[in-house]
$ cat protein18.txt   # compact mmCIF, C-alpha atoms
# COMPACT_ATOMS: atom_id res chain seq x y z
CA MET L 24 109.76 121.74 151.02
CA ALA L 25 108.84 121.62 147.34
CA ASP L 26 111.02 119.89 144.77
CA LYS L 27 111.56 123.10 142.80
CA LEU L 28 112.91 126.53 143.74
CA ALA L 29 112.26 129.96 142.25
CA ILE L 30 114.12 133.21 142.87
CA VAL L 31 112.21 136.42 142.19
CA THR L 32 114.03 139.75 142.44
CA GLY L 33 112.29 143.05 142.98
CA ALA L 34 109.49 141.05 144.58
CA SER L 35 108.27 143.42 147.29
CA THR L 36 105.71 145.19 145.08
CA GLY L 37 104.47 145.51 141.52
CA ILE L 38 105.34 143.09 138.74
CA GLY L 39 107.82 141.20 140.91
CA PHE L 40 105.23 140.65 143.64
CA GLU L 41 102.82 139.26 141.06
CA LEU L 42 105.50 137.01 139.53
CA ALA L 43 106.29 135.59 142.95
CA THR L 44 102.59 134.99 143.54
CA LEU L 45 102.33 133.04 140.29
CA ALA L 46 105.42 130.98 141.13
CA ALA L 47 104.07 130.13 144.59
CA GLN L 48 100.72 129.16 143.09
CA GLN L 49 102.59 126.75 140.82
CA GLY L 50 104.22 125.08 143.79
CA TYR L 51 107.68 126.61 143.76
CA ASP L 52 109.52 127.27 146.98
CA LEU L 53 110.52 130.93 146.88
CA ILE L 54 113.47 133.13 147.59
CA VAL L 55 112.11 136.65 147.20
CA VAL L 56 114.46 139.58 147.04
CA ALA L 57 114.36 143.36 147.33
CA ASP L 58 116.47 146.16 148.73
CA GLU L 59 113.81 147.20 151.25
CA ALA L 60 112.37 145.77 154.46
CA LEU L 61 108.95 145.48 152.80
CA ILE L 62 110.15 142.20 151.28
CA ASP L 63 109.59 140.49 154.63
CA ALA L 64 105.89 141.41 154.60
CA ALA L 65 105.61 140.28 150.98
CA ALA L 66 107.13 136.93 151.92
CA ARG L 67 104.43 136.41 154.52
CA ASP L 68 101.81 136.99 151.83
CA PHE L 69 103.35 134.34 149.59
CA GLY L 70 103.31 131.84 152.44
CA GLN L 71 99.54 131.44 152.06
CA PHE L 72 100.14 129.15 149.07
CA GLY L 73 101.78 126.47 151.19
CA THR L 74 105.31 126.60 149.84
CA GLN L 75 108.50 127.50 151.66
CA VAL L 76 109.33 131.22 151.38
CA GLN L 77 112.57 132.96 152.28
CA SER L 78 113.02 136.72 152.04
CA VAL L 79 116.40 138.31 151.35
CA GLN L 80 117.04 142.03 151.66
CA VAL L 81 120.10 142.90 149.58
CA ASP L 82 121.22 145.52 147.10
CA LEU L 83 121.47 143.80 143.72
CA ALA L 84 123.45 146.74 142.36
CA THR L 85 126.51 145.10 143.90
CA ILE L 86 128.34 141.88 143.15
CA ASP L 87 128.36 141.13 146.88
CA GLY L 88 124.58 141.55 146.96
CA VAL L 89 124.09 139.05 144.15
CA ASP L 90 126.50 136.63 145.82
CA ALA L 91 124.54 136.95 149.08
CA LEU L 92 121.34 136.16 147.23
CA LEU L 93 122.81 133.06 145.62
CA ALA L 94 124.25 131.94 148.94
CA ALA L 95 120.74 132.10 150.40
CA ALA L 96 119.77 129.21 148.12
CA GLY L 97 122.02 127.02 150.27
CA GLY L 98 123.18 124.94 147.34
CA ARG L 99 119.67 124.11 146.13
CA GLN L 100 119.09 123.93 142.41
CA ILE L 101 117.47 127.10 141.07
CA ASP L 102 114.73 125.97 138.70
CA LEU L 103 113.19 129.35 137.94
CA LEU L 104 114.67 132.85 138.03
CA CYS L 105 112.56 135.95 137.57
CA ALA L 106 115.13 138.74 137.20
CA ASN L 107 112.82 141.66 137.74
CA ALA L 108 114.76 144.12 139.91
CA GLY L 109 115.16 147.54 138.35
CA THR L 110 115.28 151.19 139.26
CA ALA L 111 115.13 154.60 137.62
CA THR L 112 115.74 158.25 138.38
CA GLY L 113 113.67 160.63 136.27
CA GLY L 114 114.60 164.16 135.31
CA ALA L 115 117.23 165.85 133.18
CA PHE L 116 120.35 163.70 133.04
CA LEU L 117 122.70 166.60 133.82
CA ASP L 118 120.83 167.25 137.06
CA ILE L 119 121.06 163.70 138.40
CA GLU L 120 123.70 162.92 141.02
CA VAL L 121 126.35 160.46 139.89
CA ALA L 122 125.57 158.06 142.74
CA LYS L 123 121.92 157.87 141.66
CA TRP L 124 122.50 157.15 137.99
CA ARG L 125 125.27 154.71 138.81
CA HIS L 126 122.92 152.81 141.11
CA SER L 127 120.43 152.49 138.25
CA VAL L 128 123.10 151.22 135.87
CA ASP L 129 124.51 148.82 138.43
CA THR L 130 121.08 147.44 139.36
CA ASN L 131 119.57 147.21 135.90
CA VAL L 132 122.68 146.12 134.03
CA THR L 133 125.67 144.98 136.10
CA GLY L 134 123.75 143.12 138.81
CA THR L 135 121.35 141.57 136.32
CA VAL L 136 124.13 140.43 133.99
CA TYR L 137 126.09 138.88 136.85
CA LEU L 138 123.02 137.11 138.24
CA LEU L 139 122.17 135.73 134.81
CA GLN L 140 125.69 134.50 134.22
CA LYS L 141 125.75 132.59 137.50
CA VAL L 142 122.26 131.08 137.27
CA LEU L 143 122.17 130.46 133.52
CA ALA L 144 125.51 128.66 133.58
CA ALA L 145 124.16 126.07 136.01
CA MET L 146 120.96 125.65 134.02
CA VAL L 147 122.84 125.13 130.76
CA ALA L 148 125.17 122.62 132.42
CA ARG L 149 122.24 120.43 133.47
CA ASN L 150 120.07 121.32 130.43
CA ASP L 151 117.13 122.41 132.55
CA GLY L 152 115.73 125.68 133.86
CA LYS L 153 113.68 128.77 133.16
CA ILE L 154 114.60 132.46 133.33
CA LEU L 155 112.27 135.42 132.89
CA VAL L 156 113.97 138.80 132.60
CA THR L 157 111.96 142.01 132.88
CA GLY L 158 113.04 144.30 130.07
CA SER L 159 110.82 147.10 128.80
CA ILE L 160 109.46 148.67 125.67
CA ALA L 161 111.40 151.69 126.97
CA GLY L 162 114.42 150.00 125.44
CA TYR L 163 113.08 150.83 121.99
CA VAL L 164 112.75 154.57 122.63
CA PRO L 165 115.32 157.29 123.41
CA GLY L 166 114.22 158.20 126.93
CA SER L 167 114.38 161.96 127.19
CA PHE L 168 114.17 162.84 130.92
CA ASN L 169 114.54 159.16 131.81
CA ALA L 170 117.64 158.59 129.71
CA ILE L 171 119.53 156.20 131.96
CA TYR L 172 116.58 153.88 132.53
CA ASN L 173 115.67 153.57 128.85
CA ALA L 174 119.30 152.97 127.93
CA THR L 175 119.64 150.20 130.52
CA LYS L 176 116.50 148.52 129.21
CA ALA L 177 117.83 148.76 125.65
CA PHE L 178 120.87 146.89 126.94
CA ILE L 179 118.75 144.20 128.61
CA ASP L 180 116.49 143.72 125.59
CA ASN L 181 119.55 143.39 123.32
CA PHE L 182 121.60 141.29 125.75
CA THR L 183 118.92 138.69 126.34
CA GLU L 184 118.27 138.37 122.61
CA ALA L 185 121.96 137.61 122.13
CA LEU L 186 121.97 135.08 124.96
CA ARG L 187 119.02 133.25 123.44
CA ASN L 188 121.03 132.78 120.29
CA GLU L 189 124.06 131.55 122.21
CA ILE L 190 122.04 128.87 124.03
CA LYS L 191 119.67 127.98 121.20
CA ASP L 192 120.92 124.38 121.11
CA VAL L 193 120.22 123.89 124.82
CA ASP L 194 116.65 122.70 124.46
CA GLY L 195 115.95 122.30 128.19
CA VAL L 196 116.53 125.95 129.08
CA THR L 197 114.12 128.80 128.35
CA LEU L 198 115.14 132.47 128.53
CA THR L 199 112.23 134.87 128.05
CA THR L 200 112.24 138.67 128.07
CA LEU L 201 109.12 140.40 129.37
CA MET L 202 108.66 143.86 127.86
CA PRO L 203 105.96 145.88 129.61
CA GLY L 204 105.04 149.49 129.08
CA PRO L 205 103.94 151.93 131.80
CA THR L 206 102.56 149.82 134.65
CA ASP L 207 100.66 150.76 137.79
CA THR L 208 103.44 150.23 140.32
CA GLU L 209 105.57 152.31 142.67
CA PHE L 210 108.07 152.85 139.84
CA PHE L 211 107.03 156.43 139.14
CA ALA L 212 107.06 157.49 142.78
CA ARG L 213 110.49 155.99 143.31
CA ALA L 214 111.78 157.62 140.12
CA ASP L 215 110.40 161.02 141.21
CA MET L 216 108.13 161.10 138.15
CA LEU L 217 104.71 161.64 139.72
CA ASP L 218 104.44 165.12 138.18
CA THR L 219 104.97 163.79 134.66
CA SER L 220 102.37 162.97 132.04
CA VAL L 221 103.24 159.27 132.11
CA GLY L 222 103.36 159.27 135.89
CA GLN L 223 99.82 160.65 136.06
CA ASP L 224 98.42 158.44 133.30
CA GLU L 225 95.36 156.65 134.66
CA HIS L 226 95.55 153.90 132.05
CA LYS L 227 98.72 152.15 133.14
CA ALA L 228 98.79 148.37 132.89
CA ASP L 229 97.78 146.11 135.76
CA PRO L 230 100.97 144.50 137.14
CA ALA L 231 99.13 141.21 137.65
CA LYS L 232 98.24 141.11 133.95
CA VAL L 233 101.80 141.99 132.96
CA ALA L 234 103.22 139.26 135.19
CA LYS L 235 100.82 136.68 133.78
CA ASP L 236 101.78 137.63 130.23
CA GLY L 237 105.42 137.05 131.14
CA PHE L 238 104.77 133.79 132.96
CA ASP L 239 102.61 132.43 130.16
CA ALA L 240 105.26 133.31 127.57
CA LEU L 241 108.00 131.70 129.65
CA PHE L 242 106.15 128.42 130.08
CA ALA L 243 105.20 128.45 126.40
CA GLY L 244 108.90 128.62 125.53
CA LYS L 245 108.73 132.05 123.88
CA GLY L 246 111.78 134.26 123.52
CA HIS L 247 110.07 137.49 124.43
CA VAL L 248 106.68 139.04 124.97
CA VAL L 249 105.46 142.62 124.74
CA SER L 250 102.64 142.98 127.24
CA GLY L 251 99.59 144.88 126.00
CA LEU L 252 98.24 145.68 122.54
CA SER L 253 99.10 149.38 122.63
CA ASN L 254 102.66 148.53 123.64
CA LYS L 255 102.95 146.07 120.75
CA ILE L 256 101.89 148.85 118.39
CA GLN L 257 104.46 151.22 119.91
CA VAL L 258 107.24 148.68 119.45
CA LEU L 259 106.29 148.18 115.82
CA GLY L 260 106.21 151.94 115.31
CA SER L 261 109.61 152.43 116.90
CA GLY L 262 111.17 150.55 114.01
CA VAL L 263 110.02 153.08 111.43
CA VAL L 264 109.62 156.39 113.27
CA PRO L 265 112.80 158.54 113.36
CA GLN L 266 114.65 158.42 116.66
CA SER L 267 114.44 162.19 117.05
CA VAL L 268 110.65 162.03 116.82
CA LEU L 269 110.53 159.24 119.40
CA ALA L 270 112.76 161.25 121.73
CA GLU L 271 110.49 164.27 121.46
CA ALA L 272 107.41 162.14 122.12
CA HIS L 273 109.10 160.69 125.20
CA ARG L 274 109.94 164.19 126.37
CA LYS L 275 106.26 165.09 126.34
CA MET L 276 105.54 162.10 128.59
CA ALA L 277 108.49 162.25 130.97
CA GLU L 278 109.63 165.86 131.33
CA PRO L 279 109.18 167.10 134.90
CA GLY L 280 105.93 169.04 135.20
CA SER L 281 104.46 167.61 131.98
CA GLY L 282 101.56 166.17 133.94
CA GLU L 283 100.45 169.67 134.89
CA GLU L 284 100.11 170.93 131.33
$ encode --input "protein18.txt" --output "structure tokens"
Amino acid sequence: MADKLAIVTGASTGIGFELATLAAQQGYDLIVVADEALIDAAARDFGQFGTQVQSVQVDLATIDGVDALLAAAGGRQIDLLCANAGTATGGAFLDIEVAKWRHSVDTNVTGTVYLLQKVLAAMVARNDGKILVTGSIAGYVPGSFNAIYNATKAFIDNFTEALRNEIKDVDGVTLTTLMPGPTDTEFFARADMLDTSVGQDEHKADPAKVAKDGFDALFAGKGHVVSGLSNKIQVLGSGVVPQSVLAEAHRKMAEPGSGEE
């Protein structure tokens, strides 16, 4: 057993898998979490680095799911939290079933906020700990045909910025927001966006590179990091380009069938 523990949510694939890999390589014991059985196979992969790994399959869209995750720590101090779990449902908002968009909101916002409140409170009390939250540059853009997801990421980007201000005098705790752009993960398949322009883009970011950008920023004590030069340019542009223009540009990327044009 190592002397430090990391929790990584959404760790079965993609950015979360790569974050868990980095944490294991740095000697953290791991609790890796996802809402699918694949998390057990991922946990076996992380075991190659010689640390203790526990997999937890829970739905972090629920308070009970978050409580079950925290209970899995068995009272151990959580030294590092990578709050990476997130989900989306692409398509026209009016066509999306209520249960689907509520699950996105509850996973990306409610579950994340509750998890942060529980873990961050303990870190602040002892003046020690690190949290990396996966936001997105999507939070800067009105997300036509992915409206719920972009709105939830706008919340996370804004919320974590506010939290950083609230804990600015707690010098032993770091809260970093990782803001990637389109990344080569299962996100687009799960969101039913494979027929979109962004879903078919062959130049998506490497999740390992995105994870390393986030990890490096966290351990450098930075408040946030936008991963990738083109994404940095997009974020800068979002501050001056009219929202209606951004929404139309997003439509061209995310509208169903746009990848076939």
$ residues_around --input "protein18.txt" --residues "L:Pro203" --least-positions-apart "4" --cutoff "6 Å" --atoms "all atoms listed in the file" --output "PyMOL selection string"
chain L and resi 159-160+249-250
$ closest_residue --input "protein18.txt" --among "L:Thr44, L:Thr199, L:Pro265, L:Thr133" --to "L:Ala243" --atoms "all atoms listed in the file"
L:Thr199
$ axis_aligned_box --input "protein18.txt" --around "stretch 171-175 of chain L" --padding-each-side "6 Å" --output "lines of an AutoDock Vina configuration file"
center_x = 117.7
center_y = 153.2
center_z = 130.2
size_x = 16.0
size_y = 18.0
size_z = 16.6
$ residues_around --input "protein18.txt" --residues "L:Gly134" --least-positions-apart "4" --cutoff "7 Å" --atoms "all atoms listed in the file" --output "list in words"
Leu83, Ala84, Thr85, Ile86, Val89, Asp129, Thr130 and Leu138 of chain L
$ atom_distance --input "protein18.txt" --atom1 "atom CA of L:Gln257" --atom2 "atom CA of L:Val132"
23.6 Å
$ atom_distance --input "protein18.txt" --atom1 "atom CA of L:Ala91" --atom2 "atom CA of L:Asp63"
16.3 Å
$ closest_residue --input "protein18.txt" --among "L:Ile101, L:Ile171, L:Leu42, L:Leu259" --to "L:Ala25" --atoms "all atoms listed in the file"
L:Ile101
$ closest_residue --input "protein18.txt" --among "L:Leu201, L:Gly70, L:Ser261, L:Gly158" --to "L:His273" --atoms "only C-alpha atoms"
L:Ser261
$ decode --input "protein18.txt" --residues "stretch 38-71 of chain L" --atoms "N, CA and C atoms" --output "PDB file, in the first residue's frame"
ATOM      1  N   ILE L  38      -9.546  10.104 -21.548  1.00  0.00           N
ATOM      2  CA  ILE L  38      -8.745  10.992 -20.706  1.00  0.00           C
ATOM      3  C   ILE L  38      -8.633  10.438 -19.291  1.00  0.00           C
ATOM      4  N   GLY L  39      -9.722   9.921 -18.754  1.00  0.00           N
ATOM      5  CA  GLY L  39      -9.692   9.378 -17.406  1.00  0.00           C
ATOM      6  C   GLY L  39      -8.746   8.200 -17.263  1.00  0.00           C
ATOM      7  N   PHE L  40      -8.732   7.325 -18.259  1.00  0.00           N
ATOM      8  CA  PHE L  40      -7.797   6.191 -18.256  1.00  0.00           C
ATOM      9  C   PHE L  40      -6.363   6.696 -18.222  1.00  0.00           C
ATOM     10  N   GLU L  41      -6.081   7.716 -19.017  1.00  0.00           N
ATOM     11  CA  GLU L  41      -4.720   8.256 -19.072  1.00  0.00           C
ATOM     12  C   GLU L  41      -4.352   8.981 -17.779  1.00  0.00           C
ATOM     13  N   LEU L  42      -5.305   9.656 -17.162  1.00  0.00           N
ATOM     14  CA  LEU L  42      -5.039  10.303 -15.872  1.00  0.00           C
ATOM     15  C   LEU L  42      -4.721   9.263 -14.800  1.00  0.00           C
ATOM     16  N   ALA L  43      -5.471   8.179 -14.795  1.00  0.00           N
ATOM     17  CA  ALA L  43      -5.212   7.116 -13.826  1.00  0.00           C
ATOM     18  C   ALA L  43      -3.843   6.490 -14.054  1.00  0.00           C
ATOM     19  N   THR L  44      -3.468   6.342 -15.317  1.00  0.00           N
ATOM     20  CA  THR L  44      -2.142   5.812 -15.638  1.00  0.00           C
ATOM     21  C   THR L  44      -1.053   6.710 -15.070  1.00  0.00           C
ATOM     22  N   LEU L  45      -1.200   8.013 -15.261  1.00  0.00           N
ATOM     23  CA  LEU L  45      -0.210   8.962 -14.747  1.00  0.00           C
ATOM     24  C   LEU L  45      -0.135   8.911 -13.224  1.00  0.00           C
ATOM     25  N   ALA L  46      -1.294   8.820 -12.576  1.00  0.00           N
ATOM     26  CA  ALA L  46      -1.304   8.762 -11.112  1.00  0.00           C
ATOM     27  C   ALA L  46      -0.617   7.493 -10.606  1.00  0.00           C
ATOM     28  N   ALA L  47      -0.893   6.373 -11.265  1.00  0.00           N
ATOM     29  CA  ALA L  47      -0.247   5.118 -10.864  1.00  0.00           C
ATOM     30  C   ALA L  47       1.258   5.191 -11.068  1.00  0.00           C
ATOM     31  N   GLN L  48       1.671   5.801 -12.168  1.00  0.00           N
ATOM     32  CA  GLN L  48       3.104   5.937 -12.440  1.00  0.00           C
ATOM     33  C   GLN L  48       3.788   6.803 -11.394  1.00  0.00           C
ATOM     34  N   GLN L  49       3.031   7.707 -10.778  1.00  0.00           N
ATOM     35  CA  GLN L  49       3.600   8.549  -9.725  1.00  0.00           C
ATOM     36  C   GLN L  49       3.475   7.929  -8.339  1.00  0.00           C
ATOM     37  N   GLY L  50       3.025   6.681  -8.290  1.00  0.00           N
ATOM     38  CA  GLY L  50       3.028   5.965  -7.027  1.00  0.00           C
ATOM     39  C   GLY L  50       1.782   6.070  -6.184  1.00  0.00           C
ATOM     40  N   TYR L  51       0.709   6.600  -6.744  1.00  0.00           N
ATOM     41  CA  TYR L  51      -0.545   6.669  -5.999  1.00  0.00           C
ATOM     42  C   TYR L  51      -1.256   5.319  -6.022  1.00  0.00           C
ATOM     43  N   ASP L  52      -1.785   4.892  -4.879  1.00  0.00           N
ATOM     44  CA  ASP L  52      -2.821   3.871  -4.903  1.00  0.00           C
ATOM     45  C   ASP L  52      -4.034   4.473  -5.595  1.00  0.00           C
ATOM     46  N   LEU L  53      -4.823   3.632  -6.246  1.00  0.00           N
ATOM     47  CA  LEU L  53      -5.918   4.142  -7.067  1.00  0.00           C
ATOM     48  C   LEU L  53      -7.269   3.577  -6.658  1.00  0.00           C
ATOM     49  N   ILE L  54      -8.267   4.430  -6.677  1.00  0.00           N
ATOM     50  CA  ILE L  54      -9.659   4.006  -6.780  1.00  0.00           C
ATOM     51  C   ILE L  54     -10.147   4.556  -8.111  1.00  0.00           C
ATOM     52  N   VAL L  55     -10.435   3.676  -9.046  1.00  0.00           N
ATOM     53  CA  VAL L  55     -10.863   4.094 -10.377  1.00  0.00           C
ATOM     54  C   VAL L  55     -12.346   3.784 -10.532  1.00  0.00           C
ATOM     55  N   VAL L  56     -13.044   4.712 -11.159  1.00  0.00           N
ATOM     56  CA  VAL L  56     -14.498   4.685 -11.134  1.00  0.00           C
ATOM     57  C   VAL L  56     -15.064   4.875 -12.533  1.00  0.00           C
ATOM     58  N   ALA L  57     -16.130   4.141 -12.828  1.00  0.00           N
ATOM     59  CA  ALA L  57     -16.912   4.355 -14.041  1.00  0.00           C
ATOM     60  C   ALA L  57     -18.270   3.697 -13.831  1.00  0.00           C
ATOM     61  N   ASP L  58     -19.176   3.966 -14.763  1.00  0.00           N
ATOM     62  CA  ASP L  58     -20.508   3.373 -14.649  1.00  0.00           C
ATOM     63  C   ASP L  58     -20.656   2.155 -15.549  1.00  0.00           C
ATOM     64  N   GLU L  59     -19.529   1.536 -15.916  1.00  0.00           N
ATOM     65  CA  GLU L  59     -19.562   0.369 -16.791  1.00  0.00           C
ATOM     66  C   GLU L  59     -18.573  -0.676 -16.295  1.00  0.00           C
ATOM     67  N   ALA L  60     -18.844  -1.932 -16.652  1.00  0.00           N
ATOM     68  CA  ALA L  60     -18.018  -3.044 -16.180  1.00  0.00           C
ATOM     69  C   ALA L  60     -16.589  -2.973 -16.701  1.00  0.00           C
ATOM     70  N   LEU L  61     -16.373  -2.221 -17.781  1.00  0.00           N
ATOM     71  CA  LEU L  61     -15.033  -2.090 -18.352  1.00  0.00           C
ATOM     72  C   LEU L  61     -14.024  -1.543 -17.347  1.00  0.00           C
ATOM     73  N   ILE L  62     -14.508  -0.909 -16.288  1.00  0.00           N
ATOM     74  CA  ILE L  62     -13.592  -0.337 -15.298  1.00  0.00           C
ATOM     75  C   ILE L  62     -12.764  -1.420 -14.620  1.00  0.00           C
ATOM     76  N   ASP L  63     -13.298  -2.636 -14.529  1.00  0.00           N
ATOM     77  CA  ASP L  63     -12.542  -3.724 -13.901  1.00  0.00           C
ATOM     78  C   ASP L  63     -11.328  -4.100 -14.743  1.00  0.00           C
ATOM     79  N   ALA L  64     -11.498  -4.132 -16.069  1.00  0.00           N
ATOM     80  CA  ALA L  64     -10.372  -4.426 -16.958  1.00  0.00           C
ATOM     81  C   ALA L  64      -9.345  -3.308 -16.905  1.00  0.00           C
ATOM     82  N   ALA L  65      -9.825  -2.067 -16.847  1.00  0.00           N
ATOM     83  CA  ALA L  65      -8.904  -0.930 -16.750  1.00  0.00           C
ATOM     84  C   ALA L  65      -8.076  -1.024 -15.473  1.00  0.00           C
ATOM     85  N   ALA L  66      -8.718  -1.412 -14.390  1.00  0.00           N
ATOM     86  CA  ALA L  66      -8.005  -1.523 -13.113  1.00  0.00           C
ATOM     87  C   ALA L  66      -6.873  -2.536 -13.198  1.00  0.00           C
ATOM     88  N   ARG L  67      -7.102  -3.605 -13.922  1.00  0.00           N
ATOM     89  CA  ARG L  67      -6.033  -4.600 -14.080  1.00  0.00           C
ATOM     90  C   ARG L  67      -4.849  -4.013 -14.843  1.00  0.00           C
ATOM     91  N   ASP L  68      -5.137  -3.151 -15.808  1.00  0.00           N
ATOM     92  CA  ASP L  68      -4.056  -2.484 -16.543  1.00  0.00           C
ATOM     93  C   ASP L  68      -3.223  -1.599 -15.616  1.00  0.00           C
ATOM     94  N   PHE L  69      -3.887  -0.872 -14.738  1.00  0.00           N
ATOM     95  CA  PHE L  69      -3.165   0.039 -13.850  1.00  0.00           C
ATOM     96  C   PHE L  69      -2.310  -0.716 -12.837  1.00  0.00           C
ATOM     97  N   GLY L  70      -2.667  -1.957 -12.557  1.00  0.00           N
ATOM     98  CA  GLY L  70      -1.929  -2.745 -11.588  1.00  0.00           C
ATOM     99  C   GLY L  70      -0.489  -3.010 -11.972  1.00  0.00           C
ATOM    100  N   GLN L  71      -0.166  -2.852 -13.267  1.00  0.00           N
ATOM    101  CA  GLN L  71       1.202  -3.112 -13.723  1.00  0.00           C
ATOM    102  C   GLN L  71       2.216  -2.157 -13.096  1.00  0.00           C
TER     103      GLN L  71
END
